[in-house]
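Enquirer: This one is structure.cif, mmCIF, C-alpha atoms.
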data_upload
loop_
_atom_site.group_PDB
_atom_site.id
_atom_site.type_symbol
_atom_site.label_atom_id
_atom_site.label_comp_id
_atom_site.auth_asym_id
_atom_site.auth_seq_id
_atom_site.Cartn_x
_atom_site.Cartn_y
_atom_site.Cartn_z
ATOM 1 C CA MET E 1 -10.555 17.259 22.277
ATOM 2 C CA ARG E 2 -12.321 18.482 19.136
ATOM 3 C CA PRO E 3 -15.483 16.397 18.813
ATOM 4 C CA TYR E 4 -16.906 18.456 15.956
ATOM 5 C CA PHE E 5 -13.721 19.021 14.029
ATOM 6 C CA ALA E 6 -11.924 15.711 14.155
ATOM 7 C CA MET E 7 -11.791 15.890 10.339
ATOM 8 C CA LEU E 8 -9.614 19.019 10.454
ATOM 9 C CA PRO E 9 -6.028 18.526 11.564
ATOM 10 C CA ALA E 10 -4.944 20.810 14.402
ATOM 11 C CA ASN E 11 -1.882 22.806 13.426
ATOM 12 C CA PRO E 12 -1.143 25.523 15.971
ATOM 13 C CA ARG E 13 1.938 26.707 14.076
ATOM 14 C CA GLU E 14 0.123 27.378 10.810
ATOM 15 C CA PRO E 15 -1.436 30.750 11.797
ATOM 16 C CA LEU E 16 1.987 31.969 12.916
ATOM 17 C CA VAL E 17 3.596 30.985 9.609
ATOM 18 C CA ILE E 18 0.772 32.766 7.733
ATOM 19 C CA TYR E 19 1.244 35.817 9.959
ATOM 20 C CA ALA E 20 4.990 36.011 9.302
ATOM 21 C CA THR E 21 4.494 35.511 5.559
ATOM 22 C CA LEU E 22 1.876 38.268 5.357
ATOM 23 C CA LEU E 23 4.124 40.683 7.262
ATOM 24 C CA ALA E 24 7.040 39.876 4.950
ATOM 25 C CA LEU E 25 4.846 40.474 1.896
ATOM 26 C CA LEU E 26 3.662 43.774 3.381
ATOM 27 C CA ALA E 27 7.303 44.828 3.764
ATOM 28 C CA LEU E 28 7.916 43.817 0.149
ATOM 29 C CA ASN E 29 4.885 45.844 -0.939
ATOM 30 C CA LEU E 30 6.169 48.951 0.846
ATOM 31 C CA LEU E 31 9.628 48.421 -0.640
ATOM 32 C CA LEU E 32 8.205 48.150 -4.152
ATOM 33 C CA ALA E 33 6.266 51.376 -3.595
ATOM 34 C CA VAL E 34 9.440 53.429 -3.000
ATOM 35 C CA LEU E 35 11.713 51.801 -5.581
ATOM 36 C CA PRO E 36 11.910 53.456 -9.019
ATOM 37 C CA LEU E 37 10.449 50.600 -11.052
ATOM 38 C CA GLY E 38 8.727 52.552 -13.809
ATOM 39 C CA VAL E 39 5.726 51.023 -15.564
ATOM 40 C CA ALA E 40 6.200 47.656 -13.834
ATOM 41 C CA LYS E 41 5.607 49.178 -10.384
ATOM 42 C CA PRO E 42 1.768 49.102 -10.255
ATOM 43 C CA PHE E 43 1.707 45.547 -11.595
ATOM 44 C CA LEU E 44 4.271 44.315 -9.063
ATOM 45 C CA ILE E 45 2.473 45.993 -6.139
ATOM 46 C CA VAL E 46 -0.892 44.539 -7.145
ATOM 47 C CA ALA E 47 0.714 41.122 -7.686
ATOM 48 C CA VAL E 48 2.103 41.150 -4.117
ATOM 49 C CA ALA E 49 -1.283 42.304 -2.750
ATOM 50 C CA ALA E 50 -3.004 39.520 -4.693
ATOM 51 C CA THR E 51 -0.530 37.019 -3.233
ATOM 52 C CA LYS E 52 -1.415 38.218 0.272
ATOM 53 C CA ALA E 53 -5.133 37.905 -0.532
ATOM 54 C CA ALA E 54 -4.610 34.409 -1.957
ATOM 55 C CA ILE E 55 -2.798 33.310 1.221
ATOM 56 C CA ILE E 56 -5.650 34.660 3.385
ATOM 57 C CA LEU E 57 -8.198 32.970 1.125
ATOM 58 C CA TRP E 58 -6.477 29.614 0.834
ATOM 59 C CA TYR E 59 -5.019 29.229 4.330
ATOM 60 C CA SER E 60 -6.668 31.622 6.835
ATOM 61 C CA MET E 61 -10.137 31.129 5.361
ATOM 62 C CA GLU E 62 -9.318 27.442 4.817
ATOM 63 C CA VAL E 63 -10.724 27.283 1.308
ATOM 64 C CA ARG E 64 -8.258 24.487 0.585
ATOM 65 C CA ARG E 65 -10.045 22.280 3.116
ATOM 66 C CA GLN E 66 -13.586 22.958 1.910
ATOM 67 C CA GLU E 67 -15.746 20.773 -0.229
ATOM 68 C CA SER E 68 -15.930 21.555 -3.948
ATOM 69 C CA LEU E 69 -19.132 23.592 -3.828
ATOM 70 C CA VAL E 70 -17.772 25.948 -1.157
ATOM 71 C CA LYS E 71 -14.521 26.224 -3.129
ATOM 72 C CA LEU E 72 -16.515 27.185 -6.212
ATOM 73 C CA PHE E 73 -18.348 29.969 -4.379
ATOM 74 C CA ALA E 74 -15.166 31.196 -2.753
ATOM 75 C CA ILE E 75 -13.479 31.619 -6.113
ATOM 76 C CA ILE E 76 -16.375 32.613 -8.359
ATOM 77 C CA GLY E 77 -16.619 36.104 -6.820
ATOM 78 C CA PHE E 78 -13.068 36.816 -7.991
ATOM 79 C CA PHE E 79 -13.947 35.483 -11.426
ATOM 80 C CA PHE E 80 -16.827 37.931 -11.747
ATOM 81 C CA VAL E 81 -14.621 40.803 -10.580
ATOM 82 C CA LEU E 82 -12.280 39.872 -13.437
ATOM 83 C CA VAL E 83 -15.265 39.930 -15.821
ATOM 84 C CA LEU E 84 -16.130 43.375 -14.473
ATOM 85 C CA PHE E 85 -12.590 44.583 -15.128
ATOM 86 C CA GLY E 86 -12.418 42.925 -18.541
ATOM 87 C CA LEU E 87 -15.651 44.431 -19.808
ATOM 88 C CA GLY E 88 -14.867 47.841 -18.317
ATOM 89 C CA LEU E 89 -11.368 47.986 -19.736
ATOM 90 C CA SER E 90 -12.484 46.708 -23.128
ATOM 91 C CA ASP E 91 -14.043 50.143 -23.493
ATOM 92 C CA TYR E 92 -11.427 52.391 -21.914
ATOM 93 C CA LEU E 93 -8.427 50.690 -23.505
ATOM 94 C CA THR E 94 -9.739 50.269 -27.052
ATOM 95 C CA ARG E 95 -11.307 53.588 -27.981
ATOM 96 C CA GLU E 96 -9.915 54.824 -31.241
ATOM 97 C CA GLY E 97 -7.269 57.461 -30.726
ATOM 98 C CA GLY E 98 -7.148 56.739 -27.023
ATOM 99 C CA TYR E 99 -9.557 57.976 -24.432
ATOM 100 C CA GLN E 100 -10.722 61.533 -25.087
ATOM 101 C CA GLU E 101 -11.286 63.618 -22.024
ATOM 102 C CA PRO E 102 -14.870 64.806 -21.829
ATOM 103 C CA PRO E 103 -15.302 68.532 -22.384
ATOM 104 C CA ALA E 104 -14.351 70.430 -19.265
ATOM 105 C CA ALA E 105 -17.356 71.018 -17.092
ATOM 106 C CA GLU E 106 -17.801 74.002 -14.876
ATOM 107 C CA VAL E 107 -16.005 73.003 -11.672
ATOM 108 C CA THR E 108 -16.109 75.179 -8.622
ATOM 109 C CA THR E 109 -13.189 74.681 -6.300
ATOM 110 C CA ARG E 110 -13.613 76.096 -2.890
ATOM 111 C CA MET M 1 -29.875 20.446 19.134
ATOM 112 C CA THR M 2 -29.335 17.814 21.749
ATOM 113 C CA ALA M 3 -25.596 17.647 22.163
ATOM 114 C CA GLU M 4 -24.735 15.978 25.417
ATOM 115 C CA ALA M 5 -21.437 16.684 27.103
ATOM 116 C CA GLY M 6 -18.825 14.324 25.742
ATOM 117 C CA ALA M 7 -20.972 13.197 22.824
ATOM 118 C CA GLY M 8 -19.735 13.230 19.256
ATOM 119 C CA PRO M 9 -20.973 15.680 16.627
ATOM 120 C CA VAL M 10 -24.730 16.029 16.580
ATOM 121 C CA ALA M 11 -26.406 17.943 13.758
ATOM 122 C CA LEU M 12 -29.543 20.040 13.846
ATOM 123 C CA GLU M 13 -32.485 17.821 13.015
ATOM 124 C CA HIS M 14 -32.869 18.963 9.399
ATOM 125 C CA PHE M 15 -29.276 18.026 8.553
ATOM 126 C CA GLU M 16 -28.268 14.441 8.113
ATOM 127 C CA SER M 17 -24.840 15.038 9.621
ATOM 128 C CA PHE M 18 -22.773 17.767 11.241
ATOM 129 C CA GLU M 19 -20.584 17.931 8.114
ATOM 130 C CA ARG M 20 -23.661 18.848 6.031
ATOM 131 C CA GLN M 21 -24.706 21.438 8.605
ATOM 132 C CA ARG M 22 -21.251 22.993 8.619
ATOM 133 C CA GLY M 23 -21.083 22.935 4.815
ATOM 134 C CA ALA M 24 -24.397 24.818 4.625
ATOM 135 C CA ALA M 25 -23.221 27.430 7.136
ATOM 136 C CA LEU M 26 -19.947 27.997 5.283
ATOM 137 C CA LEU M 27 -21.605 28.061 1.870
ATOM 138 C CA GLY M 28 -24.120 30.659 3.064
ATOM 139 C CA MET M 29 -21.327 32.904 4.294
ATOM 140 C CA TRP M 30 -19.372 32.478 1.072
ATOM 141 C CA VAL M 31 -22.376 33.435 -1.055
ATOM 142 C CA PHE M 32 -22.636 36.605 1.008
ATOM 143 C CA LEU M 33 -18.887 37.279 0.720
ATOM 144 C CA ALA M 34 -18.969 36.797 -3.068
ATOM 145 C CA ASN M 35 -21.558 39.582 -3.192
ATOM 146 C CA GLU M 36 -19.401 41.741 -0.944
ATOM 147 C CA LEU M 37 -16.472 41.167 -3.258
ATOM 148 C CA LEU M 38 -18.438 42.532 -6.197
ATOM 149 C CA LEU M 39 -19.440 45.573 -4.148
ATOM 150 C CA PHE M 40 -15.775 46.373 -3.517
ATOM 151 C CA GLY M 41 -14.855 45.236 -7.039
ATOM 152 C CA GLY M 42 -16.754 48.201 -8.468
ATOM 153 C CA LEU M 43 -14.679 50.554 -6.323
ATOM 154 C CA PHE M 44 -11.404 48.959 -7.466
ATOM 155 C CA MET M 45 -12.589 49.283 -11.045
ATOM 156 C CA THR M 46 -13.265 52.983 -10.408
ATOM 157 C CA ALA M 47 -9.745 53.417 -9.035
ATOM 158 C CA LEU M 48 -8.262 51.844 -12.147
ATOM 159 C CA ILE M 49 -10.330 53.979 -14.525
ATOM 160 C CA LEU M 50 -9.453 57.171 -12.653
ATOM 161 C CA ARG M 51 -5.782 56.225 -12.930
ATOM 162 C CA LEU M 52 -6.150 55.623 -16.674
ATOM 163 C CA LEU M 53 -8.025 58.886 -17.279
ATOM 164 C CA TYR M 54 -6.217 61.269 -14.957
ATOM 165 C CA PRO M 55 -2.790 59.803 -14.087
ATOM 166 C CA GLU M 56 -1.195 63.071 -12.910
ATOM 167 C CA ALA M 57 -4.119 64.128 -10.712
ATOM 168 C CA VAL M 58 -4.429 60.643 -9.199
ATOM 169 C CA MET M 59 -0.709 60.427 -8.441
ATOM 170 C CA GLU M 60 -0.734 63.856 -6.859
ATOM 171 C CA ALA M 61 -3.697 62.932 -4.654
ATOM 172 C CA ALA M 62 -2.236 59.526 -3.728
ATOM 173 C CA GLY M 63 1.034 61.211 -2.776
ATOM 174 C CA HIS M 64 -0.826 63.063 -0.031
ATOM 175 C CA LEU M 65 -2.240 59.914 1.584
ATOM 176 C CA LYS M 66 -0.508 58.753 4.772
ATOM 177 C CA TRP M 67 0.975 55.473 3.606
ATOM 178 C CA TRP M 68 2.725 54.857 6.924
ATOM 179 C CA LEU M 69 -0.580 55.031 8.815
ATOM 180 C CA GLY M 70 -2.086 52.694 6.231
ATOM 181 C CA GLY M 71 0.912 50.391 6.690
ATOM 182 C CA ILE M 72 0.555 50.372 10.484
ATOM 183 C CA ASN M 73 -3.132 49.594 10.041
ATOM 184 C CA THR M 74 -2.242 46.727 7.705
ATOM 185 C CA VAL M 75 -0.058 45.246 10.459
ATOM 186 C CA VAL M 76 -2.934 45.722 12.946
ATOM 187 C CA LEU M 77 -5.363 43.896 10.646
ATOM 188 C CA ILE M 78 -2.953 41.049 9.868
ATOM 189 C CA THR M 79 -2.448 40.635 13.626
ATOM 190 C CA SER M 80 -6.210 40.614 14.184
ATOM 191 C CA SER M 81 -6.518 37.837 11.603
ATOM 192 C CA LEU M 82 -3.936 35.889 13.612
ATOM 193 C CA THR M 83 -5.934 36.262 16.839
ATOM 194 C CA MET M 84 -9.104 35.333 14.930
ATOM 195 C CA SER M 85 -7.414 32.137 13.757
ATOM 196 C CA PHE M 86 -6.502 31.416 17.396
ATOM 197 C CA ALA M 87 -10.147 31.977 18.384
ATOM 198 C CA ILE M 88 -11.371 29.556 15.709
ATOM 199 C CA GLU M 89 -8.846 26.916 16.715
ATOM 200 C CA ALA M 90 -9.577 27.287 20.445
ATOM 201 C CA GLY M 91 -13.295 27.160 19.687
ATOM 202 C CA ARG M 92 -12.869 23.888 17.808
ATOM 203 C CA GLU M 93 -11.163 22.422 20.834
ATOM 204 C CA LEU M 94 -13.981 23.708 23.078
ATOM 205 C CA ARG M 95 -11.537 25.815 25.088
ATOM 206 C CA GLY M 96 -14.028 28.511 26.084
ATOM 207 C CA PRO M 97 -11.860 30.987 28.036
ATOM 208 C CA GLU M 98 -9.127 30.950 25.374
ATOM 209 C CA THR M 99 -11.702 31.440 22.637
ATOM 210 C CA ARG M 100 -13.119 34.446 24.455
ATOM 211 C CA ARG M 101 -9.677 35.978 25.060
ATOM 212 C CA ALA M 102 -8.759 35.620 21.376
ATOM 213 C CA LEU M 103 -12.116 37.085 20.316
ATOM 214 C CA LEU M 104 -11.647 40.034 22.641
ATOM 215 C CA ALA M 105 -8.128 40.625 21.283
ATOM 216 C CA THR M 106 -9.484 40.552 17.732
ATOM 217 C CA ALA M 107 -12.217 43.073 18.556
ATOM 218 C CA ALA M 108 -9.676 45.306 20.318
ATOM 219 C CA LEU M 109 -7.379 45.231 17.276
ATOM 220 C CA GLY M 110 -10.357 46.077 15.073
ATOM 221 C CA LEU M 111 -11.101 49.096 17.241
ATOM 222 C CA LEU M 112 -7.421 50.073 17.164
ATOM 223 C CA PHE M 113 -7.590 49.998 13.359
ATOM 224 C CA LEU M 114 -10.625 52.296 13.419
ATOM 225 C CA ALA M 115 -8.928 54.637 15.897
ATOM 226 C CA ILE M 116 -5.848 54.936 13.666
ATOM 227 C CA LYS M 117 -8.145 55.493 10.691
ATOM 228 C CA ALA M 118 -9.909 58.284 12.606
ATOM 229 C CA VAL M 119 -6.555 59.936 13.349
ATOM 230 C CA GLU M 120 -5.707 59.642 9.651
ATOM 231 C CA TYR M 121 -9.013 61.225 8.618
ATOM 232 C CA GLY M 122 -8.337 64.003 11.158
ATOM 233 C CA ILE M 123 -4.935 64.758 9.625
ATOM 234 C CA GLU M 124 -6.483 64.752 6.161
ATOM 235 C CA TYR M 125 -9.147 67.181 7.332
ATOM 236 C CA GLU M 126 -6.458 69.474 8.706
ATOM 237 C CA GLU M 127 -4.577 69.302 5.402
ATOM 238 C CA GLY M 128 -7.659 70.209 3.368
ATOM 239 C CA LEU M 129 -8.000 66.770 1.804
ATOM 240 C CA MET M 130 -11.674 66.379 2.629
ATOM 241 C CA PRO M 131 -13.647 67.817 -0.286
ATOM 242 C CA PHE M 132 -16.797 67.815 1.822
ATOM 243 C CA LEU M 133 -17.827 68.926 5.326
ATOM 244 C CA ASP M 134 -17.440 72.508 4.038
ATOM 245 C CA ALA M 135 -13.663 72.174 4.157
ATOM 246 C CA PRO M 136 -11.549 73.898 1.499
ATOM 247 C CA PHE M 137 -9.846 71.458 -0.872
ATOM 248 C CA ALA M 138 -6.072 71.824 -1.023
ATOM 249 C CA LEU M 139 -5.260 70.181 -4.356
ATOM 250 C CA PRO M 140 -5.455 72.324 -7.499
ATOM 251 C CA ASP M 141 -6.514 69.701 -10.060
ATOM 252 C CA PRO M 142 -10.289 69.016 -9.850
ATOM 253 C CA ALA M 143 -9.734 65.424 -11.004
ATOM 254 C CA SER M 144 -7.712 64.713 -7.849
ATOM 255 C CA ARG M 145 -10.931 65.367 -5.945
ATOM 256 C CA LEU M 146 -12.445 62.309 -7.659
ATOM 257 C CA TYR M 147 -9.646 60.145 -6.323
ATOM 258 C CA ILE M 148 -9.887 61.563 -2.806
ATOM 259 C CA ASN M 149 -13.660 61.010 -2.894
ATOM 260 C CA LEU M 150 -13.063 57.404 -3.915
ATOM 261 C CA TYR M 151 -10.530 57.054 -1.081
ATOM 262 C CA PHE M 152 -13.089 58.177 1.497
ATOM 263 C CA ILE M 153 -15.900 56.067 0.050
ATOM 264 C CA ALA M 154 -13.752 52.916 -0.170
ATOM 265 C CA THR M 155 -12.031 53.246 3.224
ATOM 266 C CA GLY M 156 -15.307 54.399 4.812
ATOM 267 C CA LEU M 157 -17.167 51.383 3.433
ATOM 268 C CA HIS M 158 -14.372 49.127 4.661
ATOM 269 C CA GLY M 159 -14.503 50.840 8.072
ATOM 270 C CA VAL M 160 -18.248 50.163 8.301
ATOM 271 C CA HIS M 161 -17.575 46.495 7.525
ATOM 272 C CA LEU M 162 -14.909 46.413 10.213
ATOM 273 C CA LEU M 163 -17.239 48.028 12.752
ATOM 274 C CA ILE M 164 -19.927 45.439 11.972
ATOM 275 C CA GLY M 165 -17.269 42.732 12.363
ATOM 276 C CA VAL M 166 -16.280 44.079 15.785
ATOM 277 C CA GLY M 167 -19.961 44.049 16.774
ATOM 278 C CA ILE M 168 -20.424 40.422 15.669
ATOM 279 C CA ILE M 169 -17.225 39.364 17.461
ATOM 280 C CA LEU M 170 -18.352 41.042 20.681
ATOM 281 C CA VAL M 171 -21.719 39.262 20.434
ATOM 282 C CA MET M 172 -19.827 35.959 20.050
ATOM 283 C CA TRP M 173 -17.658 36.926 23.010
ATOM 284 C CA LEU M 174 -20.749 37.523 25.123
ATOM 285 C CA ARG M 175 -22.486 34.346 23.989
ATOM 286 C CA ALA M 176 -19.363 32.253 24.582
ATOM 287 C CA ARG M 177 -19.707 33.013 28.285
ATOM 288 C CA ARG M 178 -22.143 30.118 28.346
ATOM 289 C CA PRO M 179 -20.067 26.989 28.862
ATOM 290 C CA ASP M 180 -22.081 24.962 26.327
ATOM 291 C CA PHE M 181 -22.023 27.612 23.564
ATOM 292 C CA LEU M 182 -19.098 26.124 21.605
ATOM 293 C CA ARG M 183 -20.684 22.686 21.736
ATOM 294 C CA GLN M 184 -24.162 23.865 20.775
ATOM 295 C CA LYS M 185 -23.127 26.351 18.074
ATOM 296 C CA PRO M 186 -19.920 24.827 16.728
ATOM 297 C CA THR M 187 -19.886 26.803 13.446
ATOM 298 C CA HIS M 188 -20.573 30.304 14.797
ATOM 299 C CA ILE M 189 -16.981 31.299 15.566
ATOM 300 C CA GLU M 190 -15.770 29.813 12.281
ATOM 301 C CA VAL M 191 -18.323 31.712 10.172
ATOM 302 C CA THR M 192 -17.559 34.941 12.064
ATOM 303 C CA GLY M 193 -13.893 34.297 11.319
ATOM 304 C CA LEU M 194 -14.622 33.969 7.594
ATOM 305 C CA TYR M 195 -16.166 37.441 7.605
ATOM 306 C CA TRP M 196 -13.269 38.905 9.581
ATOM 307 C CA HIS M 197 -10.590 37.380 7.357
ATOM 308 C CA PHE M 198 -12.501 38.674 4.334
ATOM 309 C CA VAL M 199 -12.452 42.250 5.673
ATOM 310 C CA ASP M 200 -8.698 41.753 6.093
ATOM 311 C CA LEU M 201 -8.406 40.431 2.531
ATOM 312 C CA ILE M 202 -10.230 43.479 1.116
ATOM 313 C CA TRP M 203 -7.877 45.789 3.006
ATOM 314 C CA MET M 204 -4.838 44.127 1.370
ATOM 315 C CA PHE M 205 -6.174 45.300 -1.992
ATOM 316 C CA LEU M 206 -7.404 48.674 -0.702
ATOM 317 C CA PHE M 207 -4.050 49.514 0.852
ATOM 318 C CA ALA M 208 -2.126 48.533 -2.271
ATOM 319 C CA THR M 209 -4.540 50.237 -4.646
ATOM 320 C CA LEU M 210 -5.232 53.499 -2.864
ATOM 321 C CA TYR M 211 -1.925 54.144 -1.075
ATOM 322 C CA LEU M 212 0.878 52.397 -2.959
ATOM 323 C CA VAL M 213 0.123 51.852 -6.650
ATOM 324 C CA ASN M 214 -0.356 55.528 -7.462
ATOM 325 C CA ARG M 215 2.463 56.932 -5.370
ATOM 326 C CA PRO M 216 4.550 59.271 -7.534
#
Render the structure in this file as structure tokens.
Expert:
Amino acid sequence: MRPYFAMLPANPREPLVIYATLLALLALNLLLAVLPLGVAKPFLIVAVAATKAAIILWYSMEVRRQESLVKLFAIIGFFFVLVLFGLGLSDYLTREGGYQEPPAAEVTTR
Amino acid sequence: MTAEAGAGPVALEHFESFERQRGAALLGMWVFLANELLLFGGLFMTALILRLLYPEAVMEAAGHLKWWLGGINTVVLITSSLTMSFAIEAGRELRGPETRRALLATAALGLLFLAIKAVEYGIEYEEGLMPFLDAPFALPDPASRLYINLYFIATGLHGVHLLIGVGIILVMWLRARRPDFLRQKPTHIEVTGLYWHFVDLIWMFLFATLYLVNRP
């Protein structure tokens, strides 16, 4: 009996499928970290992590079943993080002659 | 709220329906989580810039992090998300004892995560990887200290979020002792679950970014 949530279908197997998928993706992530993949490695690892996050967002957090406004707010945070990255990298990746290290400051290492 | 036993959904008086009430509760949590995402987003941005500026120092520092402990903790958090999903589902079906058991399991897994993290911090202290607390720093390149600092700030901030989550879950666990709690506060467990899953989601990125991406 689910008087308040009759609109949501009960699917007791779904959390288990999500769980198994996330564990498999974690294994894939660890595998990618030890394989010699060169420059592609960071991108592949982040792509797998983003897939895990998307599964949590879409299924565990049930964004797919929310009304449009909640969906918008669930996704807009990620959009602004991308803006943050885009604006930040537009500086670091486009400086003429590459990024110049700032002059070495006095660093005391204990 | 005047929900009688066996009655259908009844909303608080300022909502026209339970669906509107639930939508408002979820939207409020999502607005908060979007802010949280930007808080962590700045730290991920920092990690990327450090990698771009000082690749050798960052890779050396990342090579000293205990990826297997981070991996075990990832399994612990994924499992806690599973038990949280069980708690939400049991709560929707008004199965009080099952909801409480699943909540307690989730809180216990959260504490296990923090315990493993504490062990990890302890090992790092022993190895001279804590450039504070008056400990000597083991790595020669000063730039690697920036990365280790970021590691402690990011995982520490995540740990604080997890601790708060455990606290909220335990409050829900206590409140759910009342037999009418799930009927009177039908969105509480669900909104708590959103926060918990979000802390899990952040860890997926933290683990990949701090431990794996920069491994030599």
Enquirer: Name the residues that the PyMOL selection byres ((chain E and resi 48-55) around 10) picks from the file above, as a tab-separated table (two decimals) with C-alpha atoms, in the frame of the given file, using the file's chain letters and numbers.
Expert:
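Ended up saving to out_20.tsv:
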chain	number	residue	atom	x	y	z
E	18	ILE	CA	0.77	32.77	7.73
E	19	TYR	CA	1.24	35.82	9.96
E	21	THR	CA	4.49	35.51	5.56
E	22	LEU	CA	1.88	38.27	5.36
E	23	LEU	CA	4.12	40.68	7.26
E	24	ALA	CA	7.04	39.88	4.95
E	25	LEU	CA	4.85	40.47	1.90
E	26	LEU	CA	3.66	43.77	3.38
E	28	LEU	CA	7.92	43.82	0.15
E	29	ASN	CA	4.88	45.84	-0.94
E	32	LEU	CA	8.20	48.15	-4.15
E	43	PHE	CA	1.71	45.55	-11.60
E	44	LEU	CA	4.27	44.32	-9.06
E	45	ILE	CA	2.47	45.99	-6.14
E	46	VAL	CA	-0.89	44.54	-7.14
E	47	ALA	CA	0.71	41.12	-7.69
E	56	ILE	CA	-5.65	34.66	3.38
E	57	LEU	CA	-8.20	32.97	1.12
E	58	TRP	CA	-6.48	29.61	0.83
E	59	TYR	CA	-5.02	29.23	4.33
E	60	SER	CA	-6.67	31.62	6.84
E	61	MET	CA	-10.14	31.13	5.36
E	62	GLU	CA	-9.32	27.44	4.82
E	63	VAL	CA	-10.72	27.28	1.31
M	197	HIS	CA	-10.59	37.38	7.36
M	198	PHE	CA	-12.50	38.67	4.33
M	200	ASP	CA	-8.70	41.75	6.09
M	201	LEU	CA	-8.41	40.43	2.53
M	202	ILE	CA	-10.23	43.48	1.12
M	203	TRP	CA	-7.88	45.79	3.01
M	204	MET	CA	-4.84	44.13	1.37
M	205	PHE	CA	-6.17	45.30	-1.99
M	206	LEU	CA	-7.40	48.67	-0.70
M	207	PHE	CA	-4.05	49.51	0.85
M	208	ALA	CA	-2.13	48.53	-2.27
M	209	THR	CA	-4.54	50.24	-4.65
Enquirer: Using only C-alpha atoms, I'd like every residue of chain M that has an atom within 8 Å of chain E; please write them out as number ranges by chain.
Expert: M: 6-9, 18, 23, 26-27, 30-31, 33-35, 37-38, 41-42, 45, 49, 53, 71, 74-75, 78-79, 81-82, 85-86, 89, 92-94, 136-137, 142, 186, 193-194, 197-198, 201-202, 204-205, 208-209, 212-215
Enquirer: Calculate how many Å separate CA of Asn73 (chain M) from CA of Arg100 (chain M), rounding to one decimal.
Expert: 23.2 Å
Enquirer: Can you list, as number ranges by chain, every protein, DNA or RNA residue that comes within 7 Å of Thr99 (chain M) when you count all atoms listed in the file, leaving out same-chain residues fewer than 4 positions away?
Expert: M: 87, 90-91, 95, 103
Enquirer: Suppose you want the space between CA of Leu112 (chain M) and CA of Tyr195 (chain M); what is it in Å?
Expert: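 Distance reported for this atom pair: 18.1 Å.
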Enquirer: Please report the interatomic distance between CA of Asp91 (chain E) and CA of Pro216 (chain M) in Å with one decimal.
Expert: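 Straight-line distance from CA of Asp91 (chain E) to CA of Pro216 (chain M) works out to 26.1 Å.
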Enquirer: What do you get, as a list in words, if you spell out every residue that the PyMOL selection byres ((chain M and resi 149) around 12) selects here?
Expert: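 Evaluating the PyMOL selection byres ((chain M and resi 149) around 12) on this file yields Leu43, Thr46, Ala47, Leu50, Val58, Ala61, Ala62, Leu129, Met130, Pro131, Phe132, Phe137, Pro142, Ala143, Ser144, Arg145, Leu146, Tyr147, Ile148, Leu150, Tyr151, Phe152, Ile153, Ala154, Thr155, Gly156 and Leu210 of chain M.
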Enquirer: Running the PyMOL selection byres ((chain M and resi 69) around 10) on this model by hand, what would come out? Give it as a PDB file with C-alpha atoms, keeping the file's coordinate frame.
Expert:
ATOM      1  CA  LEU M  65      -2.240  59.914   1.584  1.00  0.00           C
ATOM      2  CA  LYS M  66      -0.508  58.753   4.772  1.00  0.00           C
ATOM      3  CA  TRP M  67       0.975  55.473   3.606  1.00  0.00           C
ATOM      4  CA  TRP M  68       2.725  54.857   6.924  1.00  0.00           C
ATOM      5  CA  GLY M  70      -2.086  52.694   6.231  1.00  0.00           C
ATOM      6  CA  GLY M  71       0.912  50.391   6.690  1.00  0.00           C
ATOM      7  CA  ILE M  72       0.555  50.372  10.484  1.00  0.00           C
ATOM      8  CA  ASN M  73      -3.132  49.594  10.041  1.00  0.00           C
ATOM      9  CA  THR M  74      -2.242  46.727   7.705  1.00  0.00           C
ATOM     10  CA  VAL M  75      -0.058  45.246  10.459  1.00  0.00           C
ATOM     11  CA  PHE M 113      -7.590  49.998  13.359  1.00  0.00           C
ATOM     12  CA  ILE M 116      -5.848  54.936  13.666  1.00  0.00           C
ATOM     13  CA  LYS M 117      -8.145  55.493  10.691  1.00  0.00           C
ATOM     14  CA  VAL M 119      -6.555  59.936  13.349  1.00  0.00           C
ATOM     15  CA  GLU M 120      -5.707  59.642   9.651  1.00  0.00           C
TER      16      GLU M 120
END
Enquirer: My list of candidates is M:Val191, M:Ala105, M:Val76, M:Ala57. Which is closest to Ile88 (chain M) when distances are computed with only C-alpha atoms?
Expert: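 For Ile88 (chain M), the nearest of the given residues is M:Val191.
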Enquirer: Show which residues sit within 10 Å of Trp173 (chain M), as a ChimeraX atom specification. Count only C-alpha atoms, and ignore same-chain residues fewer than 5 positions away.
Expert: /M:96-97,99-104,107,167-168,178,189
